[in-house]
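> Here it is: the structure, laid out below.
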Amino acid sequence: MKQVVNVSIAGVSFTLENDAHTILEQYLDELRECYKDEQTPQEIMEDIEERIAELLLERGIRERVVSYREVSDIIDILGHPGDIKREDPEGASSDGDKKPVKKKLFRDLSNKVIGGVCSGLAAYSGTDPVLVRLIFVLAALISSIIRTFGIFNIGYGEVDSFEIMILFYLLMWIIVPAARTVEQKCAMYGYGAGIDDMHKNMKAAPVNMRAGQSGTNEVVRDVFNVVTICLGAGMLLAGFAGLVLGMFLFVGIELFEGVSLLSVMDYVELGVENTLLVKILFALSYTIPFIAMLYLGCRLCFKFKAPSWRPGVIMTIVWIASFFALVVLGVKSVTPYFDNTNWSDDRALSGNIDTLYINMEPFDGIEKSATIKKGVSIMGSKIDYVLKRDGGGVEFIDYPSVRIVKHAADENGLPYKGFIECKYVTYDNLGLYQKNNSVDLDSILRVDDSLVTILPNIYSKESKMKGESFVIWIHVPDTVEVIKRDEFGKSITYNE
Amino acid sequence: MRKGVLEYCILSLLRKNDAYASSLIAELKEARMIVVEGTLYPLLTRQKNQGLLNYRWVESTQGPPRKYYTLTEKGKEALAEMDQAWKEVVGSIEYIKNK
């Protein structure tokens with residue numbers, strides 16, 4: 001008499017002899033141990049149990065008890081872990097047969113920017129190529145960074161890390177072979193290159209074959225890549241520098257004291273009534289090209305591509321429009337349309353004078369002012385001096401032009417009767433300036449017998465340039481001597 | 001030497017028609033590729049996990065439903081790749097032997 005055990009194998013119920021059940025249980029445990037490193041060991045065990053059930057059913061065992069003999073036959077058919085390992089050396093738990101392929105350093109051409117050195121190092125070290133490239137660039141720039149921030153004092157005699165890294169890269173490029181064959185490509189990552197490994201790396205293989213075939217094309221492409229990246233880096237630098245410079249120009253930081261006396265906006269604010277429009281137009285037409293440069297630089301260096309083409313097109317259109325508007329505005333405000341608005345006034349000169357003195361009245365703070373090259377036209381007007389007040393305000397000082405005309409006595413011998421005529425003309429054709437049709441002549445000049453004093457025009461934020469330019473004509477008899485003193489008291493004689 | 005060859009055999013058997021594990025076992029045994037049946041199951045599972053194979057359950061007249069294996073698109077691609085590799089290996093060996 002023997003004890004029996006009822007078991008369910010793959011959903012089918014069997015009655016096993018006690019010892020048959022023991023060895024089957026033992027066998028399944030062995031297998032479970034054997035497959036424990038597989039991805040889904042449970043699934044394999046289920047398949048095997050199904051096969052066991054199948055084999056038992058094949059033997060017509062349904063109504064009767066399964067014997068020890070039959071179970072051990074089936075175990076022989078399925079095989080012990082040792083037999084299975086011998087037949088399937090690739091199995092996860094089989095460690096005797098599988099030799100891991102030694103990792104080797106290659107240049108990774110399928111993932112390269114210049115020569116595949118960084119991506120090769122990344123493959124070798126099992127990190128991301130982008131990380132290796134970043135470290136590489138940082139290492140190259142380290143001396144510049146240190147020098148810029150002045151953490152340590154680096155003498156000129158010491159070697160620059162930039163040169164070292166470039167040299168290192170070139171050496172690696174020459175010395176390290178490129179991964180061309182499937183075996184090399186796999187060894188780069190430390191894979192074997194068996195038939196089984198091959199389909200794991202199926203994606204990599206075709207790319208590699210292509211890279212391996214082209215010799216001269218590769219060099220041309222490498223050179224092209226280097227040139228592209230240099231160009232991109234240049235554009236990035238130019239764009240960045242341009243934007244920084246633009247910020248200084250707009251904010252008017254006195255960085256350029258001595259180079260340019262004023263920020264661009266000072267000119268605009270003192271000269272033009274409707275400053276906002278000009279400011280916006282100027283900012284747009286200045287900034288957009290540098291932004292475009294930054295984008296192009298990013299595109300060339302990092303192969304970054306904008307997700308949509310619309311912003312680019314819109315910016316181009318905005319730039320063209322604002323640049324055109326600014327040019328039109330500039331040209332129109334500079335172009336002298338003398339007959340746009342006219343005003344004139346005159347004053348008689350005393351008849352009995354031998355000498356006429358013309359003095360330019362000095363202005364407050366003349367000793368601190370800076371001279372702008374005479375005759376330079378800013379926003380359509382001639383400016384003589386720039387004065388920076390202590391409070392921070394900027395003033396432009398301009399003297400009217402003085403023209404002296406000498407007249408001979410008329411046919412009857414009567415002496416010419418002298419007079420002073422003052423005219424103003426505007427250069428403004430856009431309506432940027434408020435028209436000033438009633439100018440008080442006394443605010444421009446004073447006449448005291450033989451002395452004519454010409455007053456400076458002072459422009460500030462509070463009293464803006466109106467786009468006018470005063471011209472004073474002094475008509476005198478040719479018998480009168482004219483002595484002109486400039487604002488510093490230096491005398492100039494006219495022989496007109 | 002046999003590395004990957006069993007996998008290649010399994011995919012090749014499935015190339016013509018889909019099959020049960022038992023019929024794959026029978027053919028591989030006949031070809032003397034395997035001796036013990038336990039070898040096949042981890043291989044099938046591995047290939048299934050790699051997406052090379054797929055199976056569907058087919059009811060059987062006697063006993064539980066059985067897995068009926070079939071090649072996936074990826075499996076077909078891998079097989080084509082392996083055919084190529086095999087041809088190259090055989091060619092190389094022939095060349096060396098005849099030298």
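Starting from 1 in every chain, residues are counted up; chains themselves are A, B, ... following the order of the structure tokens, and ligands are numbered from 1 as listed.
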Which neighbours of Lys67 of chain B fall inside 10 Å, counting only C-alpha atoms, when residues of the same chain fewer than 2 positions from it are skipped, and could you give them as a PyMOL selection string?
(chain A and resi 47+50) or (chain B and resi 19-22+54-59+64-65+69-70)
> At a cut-off of 8 Å, list the chain B residues touching chain A, using only C-alpha atoms, as an NGL selection string.
:B and (3-7 or 22 or 34-39 or 41-43 or 45-46 or 49 or 63-64 or 66 or 78 or 81-82 or 85)
> So that I have them on file, write out the residues from the current selection with C-alpha atoms, as a PDB file, in the first residue's frame.

```
ATOM      1  CA  LYS B   3      25.849  30.840 -29.100  1.00  0.00           C
ATOM      2  CA  GLY B   4      22.715  32.189 -30.699  1.00  0.00           C
ATOM      3  CA  VAL B   5      22.326  29.245 -33.038  1.00  0.00           C
ATOM      4  CA  LEU B   6      19.422  27.703 -31.101  1.00  0.00           C
ATOM      5  CA  GLU B   7      17.602  31.040 -31.231  1.00  0.00           C
ATOM      6  CA  SER B  22       5.799  20.658 -28.391  1.00  0.00           C
ATOM      7  CA  ILE B  34      18.550  19.807 -28.296  1.00  0.00           C
ATOM      8  CA  VAL B  35      18.562  16.804 -26.056  1.00  0.00           C
ATOM      9  CA  VAL B  36      16.599  18.017 -23.066  1.00  0.00           C
ATOM     10  CA  GLU B  37      13.348  19.871 -23.484  1.00  0.00           C
ATOM     11  CA  GLY B  38      13.902  22.271 -20.567  1.00  0.00           C
ATOM     12  CA  THR B  39      16.314  24.195 -22.791  1.00  0.00           C
ATOM     13  CA  TYR B  41      11.301  27.191 -22.621  1.00  0.00           C
ATOM     14  CA  PRO B  42      13.648  29.864 -21.293  1.00  0.00           C
ATOM     15  CA  LEU B  43      14.661  30.565 -24.897  1.00  0.00           C
ATOM     16  CA  THR B  45      10.313  33.240 -23.094  1.00  0.00           C
ATOM     17  CA  ARG B  46      13.409  35.324 -23.721  1.00  0.00           C
ATOM     18  CA  ASN B  49      10.296  39.265 -24.052  1.00  0.00           C
ATOM     19  CA  GLY B  63      -5.920  18.990 -21.379  1.00  0.00           C
ATOM     20  CA  PRO B  64      -5.297  22.694 -20.880  1.00  0.00           C
ATOM     21  CA  ARG B  66      -1.641  25.540 -25.239  1.00  0.00           C
ATOM     22  CA  ALA B  78      15.864  39.755 -36.751  1.00  0.00           C
ATOM     23  CA  GLU B  81      19.529  39.807 -40.130  1.00  0.00           C
ATOM     24  CA  MET B  82      20.542  36.417 -38.782  1.00  0.00           C
ATOM     25  CA  ALA B  85      25.056  36.886 -40.655  1.00  0.00           C
TER      26      ALA B  85
END
```
> Neighbours of Arg15 of chain B within 12 Å (only C-alpha atoms; same-chain residues fewer than 2 positions away dropped), as a ChimeraX atom specification?
/B:8-13,17-19,24,52-53,69-73,75-80,83
> Any idea what's packed within 10 Å of Leu138 of chain A, counting only C-alpha atoms, ignoring anything in its chain fewer than 5 positions away? Could you give it as a VMD selection string?
chain A and resid 132 to 133 143 to 145 161 to 162 165
> Record the distance separating atom CA of Asp346 of chain A and atom CA of Phe419 of chain A, expressed in Å with one decimal.
7.0 Å
> Tell me, as a list in words, which residues lie within 10 Å of segment 408-417 of chain A, counting only C-alpha atoms; anything in the same chain fewer than 2 positions away does not count.
Ala348, Leu349, Ser350, Gly351, Asn352, Lys406, Phe419, His475, Val476, Pro477, Asp478 and Thr479 of chain A
> Calculate how many Å separate atom CA of Ile358 of chain A from atom CA of Ile397 of chain A, rounding to one decimal.
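Between these atoms lies a distance of 18.4 Å.
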> How far is it from atom CA of Phe136 of chain A to atom CA of Ile229 of chain A, in Å with one decimal?
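Result for atom CA of Phe136 of chain A versus atom CA of Ile229 of chain A: 15.0 Å, one decimal.
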